[in-house]
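Chemist: Data file protein-v3.pdb (PDB, C-alpha atoms, pLDDT in the B column) is appended below.
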ATOM      1  CA  MET A   1     247.045 231.404  83.088  1.00 75.00           C
ATOM      2  CA  ARG A   2     247.740 228.683  85.634  1.00 80.00           C
ATOM      3  CA  ARG A   3     251.440 229.372  85.213  1.00 89.00           C
ATOM      4  CA  PHE A   4     250.841 232.947  86.401  1.00 90.00           C
ATOM      5  CA  TRP A   5     249.003 231.809  89.564  1.00 87.00           C
ATOM      6  CA  ASP A   6     251.689 229.186  90.283  1.00 87.00           C
ATOM      7  CA  GLY A   7     254.373 231.845  89.861  1.00 88.00           C
ATOM      8  CA  LEU A   8     252.523 234.252  92.131  1.00 91.00           C
ATOM      9  CA  ALA A   9     252.265 231.563  94.819  1.00 90.00           C
ATOM     10  CA  GLY A  10     255.986 230.892  94.619  1.00 88.00           C
ATOM     11  CA  THR A  11     256.840 234.573  94.671  1.00 91.00           C
ATOM     12  CA  LEU A  12     254.661 235.250  97.714  1.00 94.00           C
ATOM     13  CA  LEU A  13     256.120 232.259  99.521  1.00 92.00           C
ATOM     14  CA  VAL A  14     259.668 233.493  98.885  1.00 92.00           C
ATOM     15  CA  LEU A  15     258.777 237.066  99.858  1.00 95.00           C
ATOM     16  CA  TRP A  16     257.106 235.955 103.090  1.00 96.00           C
ATOM     17  CA  ILE A  17     259.589 233.365 104.319  1.00 95.00           C
ATOM     18  CA  GLY A  18     262.646 235.198 103.046  1.00 95.00           C
ATOM     19  CA  GLY A  19     261.372 238.408 104.594  1.00 97.00           C
ATOM     20  CA  LEU A  20     260.808 236.739 107.956  1.00 97.00           C
ATOM     21  CA  TRP A  21     264.397 235.525 108.019  1.00 96.00           C
ATOM     22  CA  ALA A  22     265.930 238.709 106.600  1.00 97.00           C
ATOM     23  CA  ILE A  23     264.109 241.038 108.976  1.00 97.00           C
ATOM     24  CA  GLY A  24     264.186 238.898 112.110  1.00 95.00           C
ATOM     25  CA  TYR A  25     267.694 237.519 111.917  1.00 96.00           C
ATOM     26  CA  VAL A  26     269.602 240.075 109.827  1.00 97.00           C
ATOM     27  CA  ALA A  27     267.984 243.539 109.778  1.00 96.00           C
ATOM     28  CA  ALA A  28     266.745 243.815 113.378  1.00 96.00           C
ATOM     29  CA  PRO A  29     269.983 242.565 114.987  1.00 96.00           C
ATOM     30  CA  THR A  30     271.949 244.875 112.667  1.00 96.00           C
ATOM     31  CA  LEU A  31     269.846 247.851 113.752  1.00 95.00           C
ATOM     32  CA  PHE A  32     270.356 247.127 117.446  1.00 94.00           C
ATOM     33  CA  GLY A  33     274.041 246.395 116.963  1.00 94.00           C
ATOM     34  CA  ASN A  34     274.856 249.508 114.959  1.00 95.00           C
ATOM     35  CA  LEU A  35     272.531 252.284 116.028  1.00 92.00           C
ATOM     36  CA  GLY A  36     273.600 254.005 119.217  1.00 87.00           C
ATOM     37  CA  ASP A  37     269.976 254.820 120.013  1.00 88.00           C
ATOM     38  CA  LYS A  38     268.200 251.608 121.105  1.00 85.00           C
ATOM     39  CA  PHE A  39     264.848 253.397 121.094  1.00 84.00           C
ATOM     40  CA  LEU A  40     265.272 254.317 117.431  1.00 89.00           C
ATOM     41  CA  ALA A  41     266.459 250.794 116.631  1.00 91.00           C
ATOM     42  CA  GLY A  42     263.333 249.428 118.303  1.00 89.00           C
ATOM     43  CA  VAL A  43     261.039 251.773 116.404  1.00 89.00           C
ATOM     44  CA  LEU A  44     262.625 250.881 113.056  1.00 95.00           C
ATOM     45  CA  ALA A  45     262.627 247.153 113.811  1.00 94.00           C
ATOM     46  CA  GLY A  46     258.999 247.379 114.896  1.00 93.00           C
ATOM     47  CA  LYS A  47     258.025 249.004 111.598  1.00 96.00           C
ATOM     48  CA  LEU A  48     259.856 246.286 109.658  1.00 97.00           C
ATOM     49  CA  PHE A  49     258.104 243.559 111.660  1.00 96.00           C
ATOM     50  CA  GLU A  50     254.747 245.260 111.049  1.00 96.00           C
ATOM     51  CA  VAL A  51     255.355 245.348 107.295  1.00 97.00           C
ATOM     52  CA  MET A  52     256.323 241.663 107.393  1.00 97.00           C
ATOM     53  CA  ALA A  53     253.157 240.832 109.317  1.00 97.00           C
ATOM     54  CA  TRP A  54     251.007 242.392 106.596  1.00 98.00           C
ATOM     55  CA  ILE A  55     253.018 240.670 103.869  1.00 97.00           C
ATOM     56  CA  GLY A  56     252.486 237.416 105.769  1.00 97.00           C
ATOM     57  CA  ILE A  57     248.735 237.927 106.073  1.00 98.00           C
ATOM     58  CA  VAL A  58     248.368 238.684 102.365  1.00 97.00           C
ATOM     59  CA  ALA A  59     250.692 235.856 101.328  1.00 97.00           C
ATOM     60  CA  ALA A  60     248.984 233.319 103.596  1.00 97.00           C
ATOM     61  CA  ALA A  61     245.518 234.298 102.409  1.00 97.00           C
ATOM     62  CA  TYR A  62     246.573 233.931  98.791  1.00 97.00           C
ATOM     63  CA  LEU A  63     248.425 230.643  99.358  1.00 95.00           C
ATOM     64  CA  LEU A  64     245.445 229.092 101.152  1.00 96.00           C
ATOM     65  CA  ILE A  65     242.939 230.223  98.511  1.00 96.00           C
ATOM     66  CA  TYR A  66     245.327 229.163  95.737  1.00 95.00           C
ATOM     67  CA  ARG A  67     245.757 225.670  97.193  1.00 93.00           C
ATOM     68  CA  ILE A  68     242.018 225.154  97.667  1.00 96.00           C
ATOM     69  CA  ALA A  69     241.290 226.437  94.149  1.00 94.00           C
ATOM     70  CA  ARG A  70     244.003 224.218  92.698  1.00 92.00           C
ATOM     71  CA  ASP A  71     243.512 221.036  94.718  1.00 91.00           C
ATOM     72  CA  GLY A  72     240.000 221.307  96.125  1.00 95.00           C
ATOM     73  CA  GLY A  73     239.362 219.463  99.374  1.00 94.00           C
ATOM     74  CA  ALA A  74     242.617 217.535  98.986  1.00 94.00           C
ATOM     75  CA  ALA A  75     244.441 220.743  99.950  1.00 93.00           C
ATOM     76  CA  LEU A  76     243.150 220.264 103.499  1.00 95.00           C
ATOM     77  CA  LYS A  77     245.118 217.027 103.750  1.00 94.00           C
ATOM     78  CA  THR A  78     248.507 218.552 102.999  1.00 91.00           C
ATOM     79  CA  LEU A  79     251.284 219.622 105.319  1.00 90.00           C
ATOM     80  CA  PHE A  80     251.704 222.783 103.267  1.00 91.00           C
ATOM     81  CA  PHE A  81     248.139 223.950 103.924  1.00 94.00           C
ATOM     82  CA  TRP A  82     248.264 223.428 107.684  1.00 95.00           C
ATOM     83  CA  VAL A  83     251.714 224.944 108.102  1.00 95.00           C
ATOM     84  CA  VAL A  84     250.483 228.071 106.296  1.00 96.00           C
ATOM     85  CA  VAL A  85     247.420 228.132 108.593  1.00 98.00           C
ATOM     86  CA  ALA A  86     249.670 227.855 111.657  1.00 98.00           C
ATOM     87  CA  MET A  87     251.968 230.600 110.390  1.00 97.00           C
ATOM     88  CA  LEU A  88     248.996 232.842 109.655  1.00 98.00           C
ATOM     89  CA  ALA A  89     247.644 232.250 113.166  1.00 98.00           C
ATOM     90  CA  LEU A  90     251.027 233.122 114.698  1.00 98.00           C
ATOM     91  CA  THR A  91     251.199 236.271 112.582  1.00 97.00           C
ATOM     92  CA  VAL A  92     247.725 237.395 113.612  1.00 98.00           C
ATOM     93  CA  ILE A  93     248.378 236.652 117.302  1.00 97.00           C
ATOM     94  CA  GLY A  94     251.622 238.592 117.178  1.00 96.00           C
ATOM     95  CA  GLU A  95     250.354 241.587 115.247  1.00 96.00           C
ATOM     96  CA  PHE A  96     246.889 242.005 116.773  1.00 97.00           C
ATOM     97  CA  GLY A  97     247.360 240.375 120.180  1.00 96.00           C
ATOM     98  CA  ILE A  98     250.871 240.946 121.450  1.00 95.00           C
ATOM     99  CA  GLN A  99     251.964 244.097 119.606  1.00 95.00           C
ATOM    100  CA  PRO A 100     249.112 246.191 121.054  1.00 94.00           C
ATOM    101  CA  ILE A 101     250.150 245.053 124.550  1.00 93.00           C
ATOM    102  CA  LEU A 102     253.752 246.075 123.877  1.00 92.00           C
ATOM    103  CA  GLN A 103     252.645 249.417 122.452  1.00 90.00           C
ATOM    104  CA  GLY A 104     250.382 249.996 125.450  1.00 89.00           C
ATOM    105  CA  LEU A 105     253.292 249.412 127.817  1.00 88.00           C
ATOM    106  CA  LYS A 106     255.438 251.853 125.818  1.00 86.00           C
ATOM    107  CA  ASP A 107     252.655 254.444 125.912  1.00 84.00           C
ATOM    108  CA  GLN A 108     252.191 254.048 129.680  1.00 86.00           C
ATOM    109  CA  ALA A 109     255.922 254.470 130.263  1.00 82.00           C
ATOM    110  CA  MET A 110     256.062 257.814 128.453  1.00 80.00           C
ATOM    111  CA  PRO A 111     257.916 260.120 128.671  1.00 77.00           C
ATOM    112  CA  ARG A 112     260.485 257.534 129.775  1.00 77.00           C
ATOM    113  CA  ALA A 113     261.680 254.641 127.644  1.00 77.00           C
ATOM    114  CA  VAL A 114     259.769 251.492 128.561  1.00 77.00           C
ATOM    115  CA  MET A 115     262.959 249.677 129.596  1.00 75.00           C
ATOM    116  CA  GLU A 116     263.664 252.465 132.098  1.00 76.00           C
ATOM    117  CA  SER A 117     260.187 252.333 133.605  1.00 79.00           C
ATOM    118  CA  VAL A 118     258.219 250.232 136.054  1.00 82.00           C
ATOM    119  CA  PHE A 119     256.825 248.404 133.001  1.00 76.00           C
ATOM    120  CA  ALA A 120     260.208 246.963 131.968  1.00 82.00           C
ATOM    121  CA  ASP A 121     259.546 243.479 133.380  1.00 86.00           C
ATOM    122  CA  ARG A 122     256.135 243.206 131.736  1.00 89.00           C
ATOM    123  CA  PHE A 123     257.563 244.495 128.459  1.00 88.00           C
ATOM    124  CA  ARG A 124     260.408 241.943 128.614  1.00 91.00           C
ATOM    125  CA  HIS A 125     257.887 239.157 129.266  1.00 93.00           C
ATOM    126  CA  TRP A 126     255.626 240.042 126.329  1.00 93.00           C
ATOM    127  CA  HIS A 127     258.597 240.742 124.066  1.00 93.00           C
ATOM    128  CA  GLY A 128     259.866 237.240 124.933  1.00 94.00           C
ATOM    129  CA  VAL A 129     256.502 235.720 124.052  1.00 96.00           C
ATOM    130  CA  SER A 130     256.538 237.637 120.773  1.00 95.00           C
ATOM    131  CA  SER A 131     260.071 236.427 120.028  1.00 95.00           C
ATOM    132  CA  ILE A 132     259.113 232.804 120.661  1.00 96.00           C
ATOM    133  CA  LEU A 133     256.126 233.097 118.330  1.00 97.00           C
ATOM    134  CA  TYR A 134     258.376 234.655 115.677  1.00 96.00           C
ATOM    135  CA  LEU A 135     260.912 231.856 116.078  1.00 96.00           C
ATOM    136  CA  LEU A 136     258.151 229.276 115.664  1.00 97.00           C
ATOM    137  CA  GLN A 137     256.803 231.085 112.612  1.00 97.00           C
ATOM    138  CA  SER A 138     260.190 231.362 110.932  1.00 96.00           C
ATOM    139  CA  GLY A 139     260.915 227.703 111.735  1.00 95.00           C
ATOM    140  CA  LEU A 140     257.626 226.658 110.163  1.00 96.00           C
ATOM    141  CA  GLY A 141     258.498 228.809 107.165  1.00 95.00           C
ATOM    142  CA  LEU A 142     261.782 226.979 106.811  1.00 93.00           C
ATOM    143  CA  LEU A 143     259.873 223.692 106.969  1.00 91.00           C
ATOM    144  CA  LEU A 144     257.581 224.931 104.196  1.00 89.00           C
ATOM    145  CA  VAL A 145     260.433 225.871 101.935  1.00 87.00           C
ATOM    146  CA  TRP A 146     262.572 222.861 102.781  1.00 84.00           C
ATOM    147  CA  ARG A 147     260.066 220.015 102.917  1.00 74.00           C
ATOM    148  CA  ALA A 148     256.721 220.946 101.480  1.00 58.00           C
ATOM    149  CA  GLY A 149     257.550 223.708  99.007  1.00 52.00           C
ATOM    150  CA  LEU A 150     255.072 223.991  96.192  1.00 49.00           C
ATOM    151  CA  ALA A 151     255.042 220.255  95.517  1.00 50.00           C
ATOM    152  CA  ARG A 152     252.170 219.194  93.393  1.00 46.00           C
TER
END
Can you turn what I pasted into structure tokens?
Modeler:
Amino acid sequence: MRRFWDGLAGTLLVLWIGGLWAIGYVAAPTLFGNLGDKFLAGVLAGKLFEVMAWIGIVAAAYLLIYRIARDGGAALKTLFFWVVVAMLALTVIGEFGIQPILQGLKDQAMPRAVMESVFADRFRHWHGVSSILYLLQSGLGLLLVWRAGLAR
């Protein structure tokens, strides 16, 4: 049975980190580069980022519980554990802190596109903050995969 739980941990790690990189650095730029409608590209990219946030929350919760169940208190002394905690925190801040601000600015700009409204500067600022958090999260994910992995 332990083999199943180990496999699930590895699968969730790959899904989460791979998804972060695929969505953030392949899918979203492809949408903006190929769709003539930037609003539509933004909506689609936003949905993909939202799905990845939920995958990240579920994956992080499982990975943290899995490590504590497997290693007990020693899990708290590992790089893996604390990188997952940091990534989870960044995900939660992005999804429940910054995304509602961005959505609120879009809603206030209606019927105009937010980038064509008086809210464009504020939107750019918060979008920049969100992008930095995402870059940090994906960098930490790379560290997890590269250095810490699922080492026993």
Chemist: I'd like to see the residues matched by the PyMOL selection byres ((chain A and resi 81) around 12) on this file, and ideally I'd get them as number ranges by chain.
Modeler: A: 60-68, 70-80, 82-88, 140-141, 144, 148-151
Chemist: How many Å lie between CA of Trp21 in chain A and CA of Ser138 in chain A, rounded to one decimal?
Modeler: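 Interatomic distance here is 6.6 Å.
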Chemist: Could you work out how far CA of Ala59 in chain A lies from CA of Gly19 in chain A, giving the answer in Å with one decimal?
Modeler: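 Computing it gives 11.5 Å between the two atoms.
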Chemist: Please enumerate the residues selected by the PyMOL selection byres ((chain A and resi 121-137) around 12) when evaluated against the supplied file, formatted as a PyMOL selection string.
Modeler: chain A and resi 16-21+23-25+28+42+46+49+52-53+56+83-109+113-120+138-144
Chemist: Around (248.5, 227.1, 90.4), as given in the file, which residues come within 9 Å? Count only C-alpha atoms and list them as an NGL selection string.
Modeler: :A and (1-9 or 66-67 or 69-71)
Chemist: Could you work out how far CA of Val145 in chain A lies from CA of Gly10 in chain A, giving the answer in Å with one decimal?
Modeler: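 Between CA of Gly10 in chain A and CA of Val145 in chain A the gap is 9.9 Å.
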Chemist: Output range 126-137 of chain A with all heavy atoms present, as an mmCIF file, in the frame of the given file.
Modeler:
data_model
loop_
_atom_site.group_PDB
_atom_site.id
_atom_site.type_symbol
_atom_site.label_atom_id
_atom_site.label_comp_id
_atom_site.auth_asym_id
_atom_site.auth_seq_id
_atom_site.Cartn_x
_atom_site.Cartn_y
_atom_site.Cartn_z
ATOM 1 N N TRP A 126 256.407 240.083 127.567
ATOM 2 C CA TRP A 126 255.626 240.042 126.329
ATOM 3 C C TRP A 126 256.521 240.068 125.095
ATOM 4 O O TRP A 126 256.206 239.444 124.077
ATOM 5 C CB TRP A 126 254.594 241.176 126.295
ATOM 6 C CG TRP A 126 253.435 240.845 127.171
ATOM 7 C CD1 TRP A 126 253.127 241.403 128.377
ATOM 8 C CD2 TRP A 126 252.456 239.835 126.927
ATOM 9 N NE1 TRP A 126 252.008 240.801 128.896
ATOM 10 C CE2 TRP A 126 251.568 239.837 128.025
ATOM 11 C CE3 TRP A 126 252.233 238.934 125.899
ATOM 12 C CZ2 TRP A 126 250.495 238.971 128.110
ATOM 13 C CZ3 TRP A 126 251.152 238.066 125.973
ATOM 14 C CH2 TRP A 126 250.299 238.091 127.078
ATOM 15 N N HIS A 127 257.653 240.754 125.178
ATOM 16 C CA HIS A 127 258.597 240.742 124.066
ATOM 17 C C HIS A 127 259.161 239.330 123.886
ATOM 18 O O HIS A 127 259.351 238.865 122.758
ATOM 19 C CB HIS A 127 259.724 241.750 124.315
ATOM 20 C CG HIS A 127 260.580 241.970 123.120
ATOM 21 N ND1 HIS A 127 261.647 241.163 122.832
ATOM 22 C CD2 HIS A 127 260.517 242.890 122.128
ATOM 23 C CE1 HIS A 127 262.212 241.575 121.713
ATOM 24 N NE2 HIS A 127 261.536 242.626 121.260
ATOM 25 N N GLY A 128 259.407 238.632 124.991
ATOM 26 C CA GLY A 128 259.866 237.240 124.933
ATOM 27 C C GLY A 128 258.836 236.330 124.291
ATOM 28 O O GLY A 128 259.180 235.470 123.469
ATOM 29 N N VAL A 129 257.582 236.510 124.667
ATOM 30 C CA VAL A 129 256.502 235.720 124.052
ATOM 31 C C VAL A 129 256.459 235.987 122.552
ATOM 32 O O VAL A 129 256.371 235.065 121.737
ATOM 33 C CB VAL A 129 255.137 236.035 124.714
ATOM 34 C CG1 VAL A 129 253.996 235.397 123.935
ATOM 35 C CG2 VAL A 129 255.135 235.572 126.168
ATOM 36 N N SER A 130 256.543 237.264 122.184
ATOM 37 C CA SER A 130 256.538 237.637 120.773
ATOM 38 C C SER A 130 257.714 237.005 120.032
ATOM 39 O O SER A 130 257.566 236.509 118.913
ATOM 40 C CB SER A 130 256.589 239.166 120.654
ATOM 41 O OG SER A 130 256.638 239.556 119.305
ATOM 42 N N SER A 131 258.876 237.006 120.654
ATOM 43 C CA SER A 131 260.071 236.427 120.028
ATOM 44 C C SER A 131 259.930 234.924 119.830
ATOM 45 O O SER A 131 260.352 234.384 118.798
ATOM 46 C CB SER A 131 261.314 236.719 120.886
ATOM 47 O OG SER A 131 261.549 238.100 120.950
ATOM 48 N N ILE A 132 259.331 234.255 120.790
ATOM 49 C CA ILE A 132 259.113 232.804 120.661
ATOM 50 C C ILE A 132 258.148 232.517 119.518
ATOM 51 O O ILE A 132 258.374 231.607 118.715
ATOM 52 C CB ILE A 132 258.621 232.200 121.995
ATOM 53 C CG1 ILE A 132 259.760 232.227 123.016
ATOM 54 C CG2 ILE A 132 258.092 230.783 121.794
ATOM 55 C CD1 ILE A 132 259.331 231.936 124.435
ATOM 56 N N LEU A 133 257.076 233.280 119.432
ATOM 57 C CA LEU A 133 256.126 233.097 118.330
ATOM 58 C C LEU A 133 256.801 233.336 116.985
ATOM 59 O O LEU A 133 256.563 232.612 116.019
ATOM 60 C CB LEU A 133 254.922 234.023 118.483
ATOM 61 C CG LEU A 133 253.993 233.744 119.666
ATOM 62 C CD1 LEU A 133 252.825 234.725 119.666
ATOM 63 C CD2 LEU A 133 253.499 232.323 119.672
ATOM 64 N N TYR A 134 257.661 234.346 116.922
ATOM 65 C CA TYR A 134 258.376 234.655 115.677
ATOM 66 C C TYR A 134 259.332 233.528 115.318
ATOM 67 O O TYR A 134 259.441 233.137 114.153
ATOM 68 C CB TYR A 134 259.136 235.977 115.821
ATOM 69 C CG TYR A 134 259.599 236.546 114.501
ATOM 70 C CD1 TYR A 134 258.770 237.385 113.768
ATOM 71 C CD2 TYR A 134 260.853 236.241 113.983
ATOM 72 C CE1 TYR A 134 259.187 237.913 112.555
ATOM 73 C CE2 TYR A 134 261.276 236.768 112.769
ATOM 74 C CZ TYR A 134 260.437 237.600 112.062
ATOM 75 O OH TYR A 134 260.838 238.116 110.855
ATOM 76 N N LEU A 135 260.011 232.987 116.315
ATOM 77 C CA LEU A 135 260.912 231.856 116.078
ATOM 78 C C LEU A 135 260.137 230.653 115.552
ATOM 79 O O LEU A 135 260.574 229.994 114.594
ATOM 80 C CB LEU A 135 261.657 231.504 117.370
ATOM 81 C CG LEU A 135 262.617 230.328 117.298
ATOM 82 C CD1 LEU A 135 263.759 230.626 116.332
ATOM 83 C CD2 LEU A 135 263.161 230.015 118.692
ATOM 84 N N LEU A 136 258.995 230.374 116.147
ATOM 85 C CA LEU A 136 258.151 229.276 115.664
ATOM 86 C C LEU A 136 257.699 229.527 114.224
ATOM 87 O O LEU A 136 257.740 228.624 113.380
ATOM 88 C CB LEU A 136 256.918 229.103 116.560
ATOM 89 C CG LEU A 136 257.155 228.515 117.938
ATOM 90 C CD1 LEU A 136 255.881 228.616 118.766
ATOM 91 C CD2 LEU A 136 257.616 227.078 117.836
ATOM 92 N N GLN A 137 257.273 230.738 113.952
ATOM 93 C CA GLN A 137 256.803 231.085 112.612
ATOM 94 C C GLN A 137 257.923 230.943 111.587
ATOM 95 O O GLN A 137 257.719 230.363 110.511
ATOM 96 C CB GLN A 137 256.257 232.511 112.616
ATOM 97 C CG GLN A 137 255.662 232.929 111.306
ATOM 98 C CD GLN A 137 255.169 234.359 111.349
ATOM 99 O OE1 GLN A 137 255.409 235.101 112.296
ATOM 100 N NE2 GLN A 137 254.485 234.765 110.316
#
